[in-house]
$ cat upload.cif   # mmCIF, C-alpha atoms
data_entry
loop_
_atom_site.label_atom_id
_atom_site.label_comp_id
_atom_site.auth_asym_id
_atom_site.auth_seq_id
_atom_site.Cartn_x
_atom_site.Cartn_y
_atom_site.Cartn_z
CA MET A 173 6.53 32.09 65.68
CA SER A 174 9.59 30.24 64.46
CA VAL A 175 13.27 30.95 64.86
CA ALA A 176 13.46 31.25 61.10
CA GLU A 177 11.01 34.14 61.00
CA PRO A 178 11.65 36.57 63.81
CA LYS A 179 9.05 39.36 64.03
CA THR A 180 9.93 42.68 65.63
CA GLU A 181 7.06 42.72 68.13
CA SER A 182 7.17 39.13 69.27
CA VAL A 183 9.36 37.82 72.02
CA GLU A 184 8.49 34.19 71.38
CA ILE A 185 11.40 32.09 70.24
CA GLU A 186 10.15 28.59 69.61
CA ARG A 187 11.13 25.38 67.94
CA LYS A 188 8.57 22.90 66.70
CA PHE A 189 8.99 19.16 66.15
CA LEU A 190 7.05 16.14 64.99
CA LEU A 191 7.00 13.21 67.45
CA ARG A 192 8.97 9.99 67.23
CA ALA A 193 7.14 8.52 70.22
CA LEU A 194 4.62 9.70 72.80
CA PRO A 195 6.02 10.57 76.22
CA ASP A 196 4.11 9.52 79.34
CA LEU A 197 1.03 11.75 79.20
CA ALA A 198 -0.22 10.94 82.69
CA PRO A 199 1.78 13.60 84.60
CA LEU A 200 1.06 16.33 82.03
CA LYS A 201 -1.54 19.05 82.30
CA ALA A 202 -4.02 18.59 79.48
CA GLY A 203 -6.58 20.89 77.89
CA ASP A 204 -8.69 20.88 74.76
CA VAL A 205 -8.31 23.65 72.23
CA ALA A 206 -10.65 24.32 69.32
CA GLN A 207 -9.89 27.21 67.04
CA GLY A 208 -11.30 28.31 63.75
CA TYR A 209 -10.69 31.13 61.32
CA LEU A 210 -13.40 33.53 60.17
CA THR A 211 -11.17 34.98 57.47
CA SER A 212 -9.48 33.36 54.49
CA ALA A 213 -5.73 32.85 54.24
CA THR A 214 -5.38 35.66 51.69
CA ASP A 215 -7.39 38.27 53.61
CA SER A 216 -5.62 41.36 54.94
CA VAL A 217 -6.48 40.49 58.53
CA GLU A 218 -6.91 37.27 60.48
CA MET A 219 -9.96 36.79 62.72
CA ARG A 220 -9.90 33.70 64.89
CA VAL A 221 -12.20 32.30 67.55
CA ARG A 222 -10.81 29.86 70.09
CA ARG A 223 -12.17 27.69 72.90
CA LYS A 224 -9.79 26.50 75.61
CA GLY A 225 -10.93 23.80 78.00
CA CYS A 226 -14.34 22.20 77.89
CA GLY A 227 -17.76 22.32 79.47
CA ALA A 228 -18.44 24.98 82.05
CA ASP A 229 -14.71 25.58 82.52
CA ALA A 230 -14.12 26.53 78.91
CA ALA A 231 -12.73 29.97 78.09
CA HIS A 232 -13.45 31.60 74.74
CA PHE A 233 -11.53 34.22 72.82
CA MET A 234 -11.68 36.19 69.61
CA THR A 235 -8.40 37.36 68.13
CA LEU A 236 -7.73 39.89 65.39
CA LYS A 237 -4.30 39.88 63.81
CA SER A 238 -3.32 42.45 61.26
CA ASP A 239 -0.04 42.94 59.44
CA GLY A 240 0.92 46.55 59.43
CA SER A 241 3.94 47.60 57.40
CA LEU A 242 5.84 48.43 60.58
CA SER A 243 4.21 46.31 63.23
CA ARG A 244 1.98 43.30 63.64
CA LYS A 245 -1.08 44.10 65.71
CA GLU A 246 -2.88 41.48 67.75
CA ILE A 247 -6.07 42.11 69.70
CA GLU A 248 -7.36 39.23 71.83
CA VAL A 249 -10.72 39.66 73.51
CA PRO A 250 -12.52 37.22 75.86
CA ILE A 251 -15.93 36.28 74.46
CA SER A 252 -18.84 34.33 75.91
CA ALA A 253 -19.71 30.74 75.05
CA ALA A 254 -22.82 32.05 73.27
CA GLN A 255 -20.76 34.45 71.16
CA PHE A 256 -18.30 31.68 70.34
CA ASN A 257 -21.15 29.38 69.35
CA SER A 258 -22.63 32.04 67.07
CA PHE A 259 -19.42 32.49 65.10
CA TRP A 260 -18.10 28.91 65.19
CA PRO A 261 -20.26 27.60 62.31
CA ALA A 262 -18.68 30.24 60.03
CA THR A 263 -15.25 28.65 60.58
CA LYS A 264 -16.27 25.38 58.91
CA GLY A 265 -13.40 24.06 56.80
CA ARG A 266 -10.88 26.29 58.62
CA ARG A 267 -10.53 24.62 62.01
CA VAL A 268 -7.91 23.13 64.25
CA GLU A 269 -9.01 20.92 67.15
CA LYS A 270 -6.43 19.48 69.46
CA THR A 271 -5.59 18.44 72.98
CA ARG A 272 -2.64 20.33 74.38
CA TYR A 273 -0.41 18.71 77.01
CA VAL A 274 1.99 20.95 78.89
CA GLY A 275 5.06 19.62 80.65
CA THR A 276 8.70 20.23 81.49
CA LEU A 277 11.77 18.64 79.93
CA SER A 278 14.61 17.31 82.07
CA ASP A 279 16.55 20.55 81.53
CA GLY A 280 13.62 22.58 82.88
CA LEU A 281 12.35 23.81 79.51
CA ARG A 282 8.58 23.95 79.13
CA PHE A 283 7.03 22.06 76.22
CA GLU A 284 3.58 22.06 74.66
CA LEU A 285 2.53 18.82 73.00
CA ASP A 286 -0.46 19.04 70.66
CA ILE A 287 -2.42 15.95 69.64
CA PHE A 288 -4.78 16.88 66.82
CA HIS A 289 -8.31 15.64 66.19
CA GLY A 290 -10.89 15.95 63.43
CA GLY A 291 -9.47 16.34 59.94
CA LEU A 292 -5.95 16.44 61.36
CA ASP A 293 -6.35 13.25 63.39
CA GLY A 294 -3.00 11.53 63.91
CA LEU A 295 -0.88 14.67 63.81
CA LYS A 296 1.23 15.34 66.87
CA LEU A 297 3.48 18.35 67.35
CA VAL A 298 5.64 19.53 70.22
CA GLU A 299 6.84 23.08 70.76
CA VAL A 300 9.54 24.38 73.07
CA GLU A 301 9.95 28.05 73.88
CA PHE A 302 13.34 29.58 74.55
CA ALA A 303 14.61 32.70 76.25
CA SER A 304 17.05 33.50 73.45
CA VAL A 305 17.98 32.54 69.90
CA GLU A 306 21.22 31.12 71.31
CA ALA A 307 19.35 28.83 73.70
CA ALA A 308 17.12 27.70 70.82
CA SER A 309 20.16 26.92 68.66
CA ARG A 310 21.96 24.80 71.25
CA PHE A 311 18.83 22.85 72.24
CA VAL A 312 19.32 19.08 72.13
CA ALA A 313 15.96 17.42 71.57
CA PRO A 314 14.94 14.43 73.75
CA ASP A 315 14.77 11.13 71.92
CA TRP A 316 10.96 11.14 71.79
CA PHE A 317 11.11 14.23 69.55
CA GLY A 318 10.98 13.64 65.77
CA GLU A 319 11.72 15.83 62.76
CA ASP A 320 12.36 19.52 63.39
CA VAL A 321 9.63 21.40 61.48
CA THR A 322 10.34 24.85 62.91
CA GLY A 323 10.72 26.56 59.56
CA ASN A 324 7.93 24.64 57.84
CA LYS A 325 4.95 26.95 57.32
CA GLY A 326 2.75 23.95 56.57
CA TYR A 327 2.74 23.15 60.29
CA LYS A 328 1.50 26.55 61.39
CA ASN A 329 -1.98 26.39 62.93
CA LYS A 330 -3.48 28.57 60.25
CA SER A 331 -2.06 26.50 57.43
CA LEU A 332 -3.16 23.26 59.13
CA ALA A 333 -6.66 24.73 59.50
CA VAL A 334 -6.95 25.81 55.88
CA ASN A 335 -4.79 23.33 53.98
CA GLY A 336 -4.84 20.27 56.25
CA LEU A 337 -1.77 18.08 56.75
CA PRO A 338 1.35 19.21 54.89
CA MET B 142 -29.75 46.83 49.68
CA SER B 143 -30.76 48.73 46.57
CA VAL B 144 -33.48 48.01 44.04
CA ALA B 145 -30.79 47.77 41.39
CA GLU B 146 -29.09 44.87 43.14
CA PRO B 147 -31.58 42.36 44.46
CA LYS B 148 -30.04 39.57 46.53
CA THR B 149 -31.79 36.25 46.92
CA GLU B 150 -31.78 36.17 50.72
CA SER B 151 -32.66 39.75 51.44
CA VAL B 152 -36.21 41.08 51.66
CA GLU B 153 -35.12 44.69 51.96
CA ILE B 154 -36.24 46.86 49.06
CA GLU B 155 -34.93 50.35 49.62
CA ARG B 156 -34.33 53.59 47.82
CA LYS B 157 -31.70 56.06 48.95
CA PHE B 158 -31.58 59.82 48.32
CA LEU B 159 -29.41 62.82 49.03
CA LEU B 160 -31.21 65.71 50.75
CA ARG B 161 -32.35 68.95 49.16
CA ALA B 162 -33.36 70.37 52.56
CA LEU B 163 -33.57 69.16 56.14
CA PRO B 164 -37.07 68.29 57.36
CA ASP B 165 -38.13 69.30 60.87
CA LEU B 166 -35.97 67.02 63.04
CA ALA B 167 -37.75 67.80 66.32
CA PRO B 168 -40.49 65.14 66.05
CA LEU B 169 -38.10 62.44 64.86
CA LYS B 170 -36.60 59.68 66.93
CA ALA B 171 -32.81 60.15 66.90
CA GLY B 172 -29.94 57.82 67.72
CA ASP B 173 -26.20 57.82 67.20
CA VAL B 174 -24.56 55.07 65.18
CA ALA B 175 -20.84 54.40 64.98
CA GLN B 176 -19.64 51.52 62.85
CA GLY B 177 -16.25 50.45 61.68
CA TYR B 178 -14.83 47.66 59.58
CA LEU B 179 -12.16 45.26 60.80
CA THR B 180 -11.63 43.84 57.32
CA SER B 181 -10.53 45.50 54.08
CA ALA B 182 -12.86 46.03 51.14
CA THR B 183 -11.20 43.25 49.14
CA ASP B 184 -11.28 40.61 51.89
CA SER B 185 -13.44 37.51 51.45
CA VAL B 186 -15.54 38.35 54.48
CA GLU B 187 -16.71 41.53 56.13
CA MET B 188 -16.36 41.98 59.90
CA ARG B 189 -18.01 45.05 61.34
CA VAL B 190 -18.47 46.44 64.85
CA ARG B 191 -21.28 48.85 65.54
CA ARG B 192 -22.47 50.97 68.44
CA LYS B 193 -26.08 52.16 68.51
CA GLY B 194 -27.11 54.83 70.98
CA CYS B 195 -24.76 56.41 73.47
CA GLY B 196 -23.64 56.23 77.06
CA ALA B 197 -25.11 53.55 79.28
CA ASP B 198 -27.95 52.98 76.80
CA ALA B 199 -25.66 52.06 73.92
CA ALA B 200 -25.96 48.65 72.31
CA HIS B 201 -22.99 47.05 70.58
CA PHE B 202 -22.82 44.45 67.84
CA MET B 203 -20.34 42.51 65.78
CA THR B 204 -21.42 41.37 62.35
CA LEU B 205 -19.81 38.87 60.00
CA LYS B 206 -20.91 38.90 56.38
CA SER B 207 -19.66 36.36 53.93
CA ASP B 208 -20.47 35.92 50.28
CA GLY B 209 -21.10 32.31 49.51
CA SER B 210 -21.59 31.29 45.92
CA LEU B 211 -25.21 30.43 46.60
CA SER B 212 -26.12 32.50 49.60
CA ARG B 213 -24.93 35.50 51.55
CA LYS B 214 -24.46 34.67 55.21
CA GLU B 215 -24.79 37.26 57.93
CA ILE B 216 -24.12 36.61 61.62
CA GLU B 217 -24.86 39.45 64.02
CA VAL B 218 -23.86 38.99 67.66
CA PRO B 219 -24.42 41.40 70.57
CA ILE B 220 -21.12 42.34 72.20
CA SER B 221 -20.25 44.26 75.36
CA ALA B 222 -19.05 47.85 75.46
CA ALA B 223 -15.64 46.54 76.58
CA GLN B 224 -15.44 44.17 73.61
CA PHE B 225 -16.48 46.97 71.25
CA ASN B 226 -13.84 49.27 72.74
CA SER B 227 -11.16 46.62 72.30
CA PHE B 228 -11.83 46.22 68.58
CA TRP B 229 -12.80 49.81 67.70
CA PRO B 230 -9.18 51.12 67.40
CA ALA B 231 -8.55 48.52 64.68
CA THR B 232 -11.27 50.12 62.51
CA LYS B 233 -9.35 53.40 62.19
CA GLY B 234 -9.69 54.76 58.65
CA ARG B 235 -12.72 52.53 57.97
CA ARG B 236 -15.47 54.17 60.00
CA VAL B 237 -18.90 55.66 59.57
CA GLU B 238 -20.31 57.83 62.35
CA LYS B 239 -23.76 59.29 62.00
CA THR B 240 -26.93 60.32 63.74
CA ARG B 241 -29.96 58.44 62.44
CA TYR B 242 -33.39 60.07 62.57
CA VAL B 243 -36.40 57.85 62.00
CA GLY B 244 -39.76 59.19 60.92
CA THR B 245 -42.81 58.61 58.75
CA LEU B 246 -43.70 60.25 55.44
CA SER B 247 -47.19 61.58 54.79
CA ASP B 248 -48.08 58.36 52.94
CA GLY B 249 -47.15 56.29 55.99
CA LEU B 250 -43.79 55.07 54.66
CA ARG B 251 -40.97 54.92 57.23
CA PHE B 252 -37.78 56.79 56.45
CA GLU B 253 -34.32 56.78 57.98
CA LEU B 254 -32.38 60.03 57.70
CA ASP B 255 -28.64 59.79 58.36
CA ILE B 256 -26.55 62.86 59.18
CA PHE B 257 -22.89 61.93 59.04
CA HIS B 258 -20.05 63.13 61.25
CA GLY B 259 -16.27 62.81 61.34
CA GLY B 260 -14.62 62.48 57.95
CA LEU B 261 -18.04 62.39 56.28
CA ASP B 262 -19.27 65.56 57.97
CA GLY B 263 -21.89 67.31 55.85
CA LEU B 264 -23.24 64.20 54.15
CA LYS B 265 -26.95 63.54 54.62
CA LEU B 266 -28.80 60.54 53.22
CA VAL B 267 -32.38 59.37 53.52
CA GLU B 268 -33.59 55.82 52.92
CA VAL B 269 -37.11 54.52 52.45
CA GLU B 270 -37.98 50.85 52.64
CA PHE B 271 -40.76 49.34 50.53
CA ALA B 272 -42.87 46.21 50.67
CA SER B 273 -42.38 45.46 46.97
CA VAL B 274 -40.36 46.48 43.94
CA GLU B 275 -43.57 47.93 42.47
CA ALA B 276 -44.10 50.16 45.50
CA ALA B 277 -40.48 51.29 45.25
CA SER B 278 -40.91 52.12 41.56
CA ARG B 279 -44.02 54.27 41.97
CA PHE B 280 -42.68 56.16 44.99
CA VAL B 281 -42.90 59.94 44.61
CA ALA B 282 -40.26 61.57 46.76
CA PRO B 283 -41.19 64.53 49.00
CA ASP B 284 -39.70 67.86 47.94
CA TRP B 285 -37.05 67.81 50.71
CA PHE B 286 -35.49 64.72 49.06
CA GLY B 287 -32.61 65.35 46.65
CA GLU B 288 -30.85 63.19 44.07
CA ASP B 289 -31.76 59.49 43.97
CA VAL B 290 -28.50 57.59 44.70
CA THR B 291 -30.07 54.14 45.07
CA GLY B 292 -27.82 52.48 42.52
CA ASN B 293 -24.68 54.37 43.49
CA LYS B 294 -22.31 52.05 45.33
CA GLY B 295 -20.28 55.03 46.50
CA TYR B 296 -23.04 55.79 48.99
CA LYS B 297 -23.02 52.37 50.62
CA ASN B 298 -21.85 52.47 54.24
CA LYS B 299 -18.84 50.29 53.54
CA SER B 300 -17.70 52.42 50.61
CA LEU B 301 -18.23 55.62 52.62
CA ALA B 302 -16.18 54.12 55.45
CA VAL B 303 -13.29 53.06 53.24
CA ASN B 304 -13.32 55.59 50.39
CA GLY B 305 -14.97 58.63 51.97
CA LEU B 306 -17.38 60.84 50.07
CA PRO B 307 -18.07 59.79 46.47
#

$ encode --input "upload.cif" --output "C-alpha cells"
Amino acid sequence: MSVAEPKTESVEIERKFLLRALPDLAPLKAGDVAQGYLTSATDSVEMRVRRKGCGADAAHFMTLKSDGSLSRKEIEVPISAAQFNSFWPATKGRRVEKTRYVGTLSDGLRFELDIFHGGLDGLKLVEVEFASVEAASRFVAPDWFGEDVTGNKGYKNKSLAVNGLP
Amino acid sequence: MSVAEPKTESVEIERKFLLRALPDLAPLKAGDVAQGYLTSATDSVEMRVRRKGCGADAAHFMTLKSDGSLSRKEIEVPISAAQFNSFWPATKGRRVEKTRYVGTLSDGLRFELDIFHGGLDGLKLVEVEFASVEAASRFVAPDWFGEDVTGNKGYKNKSLAVNGLP
C-alpha cells in the first residue's frame, strides 16, 4: 500500500525505495518468503499462496483479496505445507521469491529489506511503514536508500510476479 | 461434463435430466453438498470450496480449475472445516446447496439425484454416468426422468451458482 494510493480499509502507510547500497545484514532478522498467485492480474479476485520461513519452521498461508465497490476484503487463512505444495505448481510464472530482512533505522522506524531471487534476482527493495501520512512525508531516507518507487505500481509484488522487473 | 462437450482429459460421459417425478428416496444413500465459488464466471481460473456431508462427518475441499490451451488442470485439496468456514462467506451470491441421493437404475447404471436448496429451491436434477458415448446414446431414461438438459449450460453447477435457475 503506497502513500499515493490510500485505501479506506488499510492503515498501512508505507514508502518503498530501491537500494543504493546494502546495509550490514548481520544484525538483521532474516526470513525467506515465497509467494505465488493462483489468479491472473485481470481476474476479479486475487488468490495467493505464501510460504514464510523454511524447512520445518515454515508457515504457509492462502490469501483471498477481492475489490468490492465500497471495501476491499482480505481473507488470510493458515494452510498446511501439503496444501501449499499442492497449489504451488499452479502459480508457475506468477511467483515472487525473496529473503526479507527486518531492522530498525536510527530514528527507530522499522524497515523491511527484500532481496529477490529466481526471475527477479538482483532486485532489492526496502519499505518503511509510518504512523501517519505526515510522518511519511517528512521522512529523510538514510544514504543507503536509493530511488523512491512508492508510487510505481511496477514494484508491487503482484506486478513483479506477473510482469517481472519494471 | 456433458456428451455434447467432450474434453480431452476427462473420462466422464454423463447425461443430465430434469425430473418428472421423484423416485422412492428411502433406499437411496443421501448426503448434503454445499459449494461456492471464490472466483467470478469470467475469471481465468475457477476456485471452489465444497462441503460434503454434515456435522462432524463433513469433508471439505478446495478445488482450482484452470483452462490451459492444451489441457484443463484441476487441483483438489482437502481442507479443514475452519478453513472452509473462513472462505465460505466470500462465496456469497455464488453458491449451490443441495442434497445428493445416489442409487442404481434397473439396468445397473448409477445415478445421482440432486435436490437443490436455498436460492435454487425446487430444482431437481438427475445425472447418469456411462462407460462410453455409445452407451450414453442408447440410454433409455426411466419414466420418472424429465427433460434431457445434457447440453444446457444453464444447468451446470457454476451457472446455477452464479445465474440461478435457467

$ closest_residue --input "upload.cif" --among "A:Lys224, A:Arg266, A:Lys245, A:Lys201" --to "Asn335 of chain A" --atoms "only C-alpha atoms"
A:Arg266

$ closest_atom_pairs --input "upload.cif" --of "chain A" --to "chain B" --cutoff "10 Å" --atoms "all atoms listed in the file" --output "CSV"
residue,atom,partner,partner_atom,distance
A:Leu210,CA,B:Val186,CA,7.8
A:Thr211,CA,B:Val186,CA,6.3
A:Ser212,CA,B:Ser185,CA,6.5
A:Ala213,CA,B:Ser185,CA,9.4
A:Thr214,CA,B:Asp184,CA,7.7
A:Asp215,CA,B:Asp184,CA,4.9
A:Ser216,CA,B:Asp184,CA,6.5
A:Val217,CA,B:Thr180,CA,6.3
A:Glu218,CA,B:Thr180,CA,8.7
A:Met219,CA,B:Met188,CA,8.7
A:Met234,CA,B:Gln224,CA,9.7
A:Thr235,CA,B:Phe228,CA,9.5
A:Leu236,CA,B:Phe228,CA,8.2
A:Lys237,CA,B:Ala231,CA,9.7
A:Ser238,CA,B:Ala231,CA,8.7
A:Lys245,CA,B:Ala231,CA,8.7
A:Glu246,CA,B:Ala231,CA,9.5
A:Ile247,CA,B:Phe228,CA,7.2
A:Glu248,CA,B:Ser227,CA,8.3
A:Val249,CA,B:Gln224,CA,6.5
A:Pro250,CA,B:Gln224,CA,7.9
A:Ile251,CA,B:Gln224,CA,8.0
A:Ser252,CA,B:Ile220,CA,9.1
A:Ala254,CA,B:Val218,CA,9.0
A:Gln255,CA,B:Val218,CA,6.5
A:Phe256,CA,B:Val218,CA,9.6
A:Ser258,CA,B:Val218,CA,7.1
A:Phe259,CA,B:Ile216,CA,7.2
A:Pro261,CA,B:Ile216,CA,9.8
A:Ala262,CA,B:Ile216,CA,8.5

$ calpha_fit_and_write --input "upload.cif" --fixed "chain B" --moving "chain A" --output "short mmCIF file (atom, residue, chain, number, x, y, z; two decimals) with C-alpha atoms, in the frame of the given file"
data_model
loop_
_atom_site.label_atom_id
_atom_site.label_comp_id
_atom_site.auth_asym_id
_atom_site.auth_seq_id
_atom_site.Cartn_x
_atom_site.Cartn_y
_atom_site.Cartn_z
CA MET A 173 -29.57 46.83 49.66
CA SER A 174 -30.71 48.72 46.59
CA VAL A 175 -33.46 48.05 44.10
CA ALA A 176 -30.79 47.78 41.45
CA GLU A 177 -29.08 44.87 43.17
CA PRO A 178 -31.60 42.42 44.54
CA LYS A 179 -30.03 39.60 46.58
CA THR A 180 -31.81 36.28 46.95
CA GLU A 181 -31.75 36.19 50.76
CA SER A 182 -32.67 39.77 51.48
CA VAL A 183 -36.18 41.08 51.70
CA GLU A 184 -35.13 44.70 51.97
CA ILE A 185 -36.22 46.84 49.07
CA GLU A 186 -34.92 50.34 49.63
CA ARG A 187 -34.33 53.57 47.83
CA LYS A 188 -31.70 56.03 48.94
CA PHE A 189 -31.57 59.78 48.31
CA LEU A 190 -29.41 62.79 49.02
CA LEU A 191 -31.21 65.70 50.73
CA ARG A 192 -32.36 68.94 49.16
CA ALA A 193 -33.36 70.37 52.54
CA LEU A 194 -33.60 69.14 56.12
CA PRO A 195 -37.08 68.26 57.35
CA ASP A 196 -38.13 69.26 60.87
CA LEU A 197 -35.97 67.00 63.04
CA ALA A 198 -37.74 67.77 66.31
CA PRO A 199 -40.50 65.11 66.06
CA LEU A 200 -38.10 62.40 64.84
CA LYS A 201 -36.57 59.65 66.93
CA ALA A 202 -32.81 60.11 66.90
CA GLY A 203 -29.92 57.80 67.71
CA ASP A 204 -26.18 57.82 67.20
CA VAL A 205 -24.55 55.07 65.19
CA ALA A 206 -20.82 54.41 64.98
CA GLN A 207 -19.63 51.54 62.86
CA GLY A 208 -16.24 50.46 61.70
CA TYR A 209 -14.84 47.67 59.58
CA LEU A 210 -12.17 45.25 60.80
CA THR A 211 -11.65 43.84 57.32
CA SER A 212 -10.56 45.51 54.10
CA ALA A 213 -12.87 46.06 51.14
CA THR A 214 -11.21 43.27 49.15
CA ASP A 215 -11.30 40.63 51.89
CA SER A 216 -13.47 37.54 51.42
CA VAL A 217 -15.57 38.37 54.47
CA GLU A 218 -16.73 41.57 56.13
CA MET A 219 -16.37 42.00 59.90
CA ARG A 220 -18.02 45.07 61.34
CA VAL A 221 -18.47 46.43 64.85
CA ARG A 222 -21.29 48.86 65.54
CA ARG A 223 -22.47 50.99 68.46
CA LYS A 224 -26.08 52.18 68.51
CA GLY A 225 -27.10 54.85 70.99
CA CYS A 226 -24.74 56.42 73.47
CA GLY A 227 -23.64 56.25 77.07
CA ALA A 228 -25.11 53.56 79.27
CA ASP A 229 -27.94 52.99 76.80
CA ALA A 230 -25.65 52.08 73.93
CA ALA A 231 -25.97 48.66 72.31
CA HIS A 232 -22.99 47.05 70.59
CA PHE A 233 -22.84 44.47 67.84
CA MET A 234 -20.35 42.52 65.79
CA THR A 235 -21.44 41.40 62.34
CA LEU A 236 -19.84 38.90 59.98
CA LYS A 237 -20.95 38.96 56.37
CA SER A 238 -19.71 36.42 53.91
CA ASP A 239 -20.54 35.98 50.24
CA GLY A 240 -21.18 32.38 49.48
CA SER A 241 -21.68 31.37 45.86
CA LEU A 242 -25.31 30.53 46.55
CA SER A 243 -26.20 32.61 49.56
CA ARG A 244 -25.02 35.60 51.54
CA LYS A 245 -24.52 34.75 55.19
CA GLU A 246 -24.84 37.34 57.92
CA ILE A 247 -24.16 36.66 61.59
CA GLU A 248 -24.89 39.51 64.01
CA VAL A 249 -23.90 39.03 67.63
CA PRO A 250 -24.45 41.43 70.57
CA ILE A 251 -21.13 42.35 72.19
CA SER A 252 -20.27 44.26 75.35
CA ALA A 253 -19.04 47.85 75.47
CA ALA A 254 -15.64 46.52 76.58
CA GLN A 255 -15.45 44.16 73.61
CA PHE A 256 -16.48 46.96 71.26
CA ASN A 257 -13.84 49.24 72.76
CA SER A 258 -11.15 46.59 72.30
CA PHE A 259 -11.83 46.19 68.59
CA TRP A 260 -12.77 49.78 67.71
CA PRO A 261 -9.19 51.09 67.42
CA ALA A 262 -8.54 48.49 64.69
CA THR A 263 -11.24 50.11 62.52
CA LYS A 264 -9.32 53.38 62.21
CA GLY A 265 -9.66 54.75 58.68
CA ARG A 266 -12.70 52.53 57.99
CA ARG A 267 -15.46 54.17 60.01
CA VAL A 268 -18.87 55.67 59.57
CA GLU A 269 -20.30 57.84 62.36
CA LYS A 270 -23.74 59.29 61.99
CA THR A 271 -26.92 60.30 63.73
CA ARG A 272 -29.94 58.43 62.44
CA TYR A 273 -33.38 60.05 62.56
CA VAL A 274 -36.38 57.81 62.00
CA GLY A 275 -39.74 59.16 60.90
CA THR A 276 -42.80 58.58 58.74
CA LEU A 277 -43.68 60.21 55.44
CA SER A 278 -47.17 61.55 54.77
CA ASP A 279 -48.07 58.33 52.92
CA GLY A 280 -47.12 56.26 55.98
CA LEU A 281 -43.76 55.05 54.66
CA ARG A 282 -40.96 54.88 57.21
CA PHE A 283 -37.76 56.78 56.45
CA GLU A 284 -34.29 56.76 57.98
CA LEU A 285 -32.36 60.00 57.69
CA ASP A 286 -28.62 59.77 58.35
CA ILE A 287 -26.55 62.85 59.17
CA PHE A 288 -22.88 61.92 59.04
CA HIS A 289 -20.05 63.14 61.26
CA GLY A 290 -16.28 62.82 61.34
CA GLY A 291 -14.62 62.48 57.95
CA LEU A 292 -18.03 62.40 56.27
CA ASP A 293 -19.27 65.57 57.97
CA GLY A 294 -21.90 67.32 55.84
CA LEU A 295 -23.24 64.20 54.15
CA LYS A 296 -26.92 63.52 54.62
CA LEU A 297 -28.78 60.53 53.22
CA VAL A 298 -32.36 59.35 53.51
CA GLU A 299 -33.56 55.80 52.93
CA VAL A 300 -37.09 54.51 52.45
CA GLU A 301 -37.96 50.84 52.63
CA PHE A 302 -40.72 49.33 50.53
CA ALA A 303 -42.84 46.21 50.68
CA SER A 304 -42.38 45.46 46.99
CA VAL A 305 -40.36 46.46 43.94
CA GLU A 306 -43.57 47.90 42.48
CA ALA A 307 -44.10 50.15 45.50
CA ALA A 308 -40.47 51.28 45.26
CA SER A 309 -40.89 52.11 41.56
CA ARG A 310 -44.02 54.22 41.98
CA PHE A 311 -42.67 56.14 44.99
CA VAL A 312 -42.91 59.91 44.60
CA ALA A 313 -40.25 61.54 46.75
CA PRO A 314 -41.20 64.50 49.01
CA ASP A 315 -39.72 67.82 47.96
CA TRP A 316 -37.08 67.77 50.71
CA PHE A 317 -35.51 64.70 49.06
CA GLY A 318 -32.61 65.33 46.64
CA GLU A 319 -30.86 63.17 44.05
CA ASP A 320 -31.76 59.48 43.95
CA VAL A 321 -28.51 57.59 44.68
CA THR A 322 -30.05 54.14 45.06
CA GLY A 323 -27.81 52.46 42.52
CA ASN A 324 -24.67 54.37 43.48
CA LYS A 325 -22.29 52.03 45.32
CA GLY A 326 -20.27 55.02 46.50
CA TYR A 327 -23.03 55.78 49.00
CA LYS A 328 -23.02 52.36 50.61
CA ASN A 329 -21.85 52.48 54.23
CA LYS A 330 -18.85 50.30 53.53
CA SER A 331 -17.70 52.41 50.62
CA LEU A 332 -18.23 55.63 52.62
CA ALA A 333 -16.17 54.12 55.45
CA VAL A 334 -13.28 53.07 53.24
CA ASN A 335 -13.31 55.59 50.39
CA GLY A 336 -14.96 58.63 51.99
CA LEU A 337 -17.38 60.84 50.06
CA PRO A 338 -18.08 59.76 46.48
#

$ closest_residue --input "upload.cif" --among "A:Lys264, A:Thr271, A:Leu277, A:Leu197" --to "Cys226 of chain A" --atoms "only C-alpha atoms"
A:Thr271

$ atom_distance --input "upload.cif" --atom1 "atom CA of Phe233 of chain A" --atom2 "atom CA of Arg272 of chain A"
16.6 Å

$ resolve_selection --input "upload.cif" --expression "the PyMOL selection byres ((chain A and resi 317-326) around 10)" --output "ChimeraX atom specification"
/A:173-177,186-195,296-299,312-316,327-338

$ residues_around --input "upload.cif" --residues "Arg236 of chain B" --least-positions-apart "6" --cutoff "7 Å" --atoms "all atoms listed in the file" --output "NGL selection string"
:B and (176-178 or 302)

$ atom_distance --input "upload.cif" --atom1 "atom CA of His289 of chain A" --atom2 "atom CA of Val268 of chain A"
7.7 Å

$ atom_distance --input "upload.cif" --atom1 "atom CA of Gly203 of chain A" --atom2 "atom CA of Ser309 of chain A"
28.9 Å

$ residues_near_point --input "upload.cif" --point "(-29.1, 52.8, 67.2)" --cutoff "10 Å" --atoms "all atoms listed in the file" --output "short mmCIF file (atom, residue, chain, number, x, y, z; two decimals) with C-alpha atoms, in the coordinates of the input"
data_model
loop_
_atom_site.label_atom_id
_atom_site.label_comp_id
_atom_site.auth_asym_id
_atom_site.auth_seq_id
_atom_site.Cartn_x
_atom_site.Cartn_y
_atom_site.Cartn_z
CA ALA B 171 -32.81 60.15 66.90
CA GLY B 172 -29.94 57.82 67.72
CA ASP B 173 -26.20 57.82 67.20
CA VAL B 174 -24.56 55.07 65.18
CA ALA B 175 -20.84 54.40 64.98
CA ARG B 191 -21.28 48.85 65.54
CA ARG B 192 -22.47 50.97 68.44
CA LYS B 193 -26.08 52.16 68.51
CA GLY B 194 -27.11 54.83 70.98
CA CYS B 195 -24.76 56.41 73.47
CA ASP B 198 -27.95 52.98 76.80
CA ALA B 199 -25.66 52.06 73.92
CA ALA B 200 -25.96 48.65 72.31
CA HIS B 201 -22.99 47.05 70.58
CA LYS B 239 -23.76 59.29 62.00
CA THR B 240 -26.93 60.32 63.74
CA ARG B 241 -29.96 58.44 62.44
CA TYR B 242 -33.39 60.07 62.57
#

$ resolve_selection --input "upload.cif" --expression "the PyMOL selection byres ((chain B and resi 270) around 9)" --output "list in words"
Glu153, Ile154, Glu155, Arg156, Lys157, Leu250, Arg251, Phe252, Glu253, Glu268, Val269, Phe271, Ala272, Ser273 and Ala277 of chain B
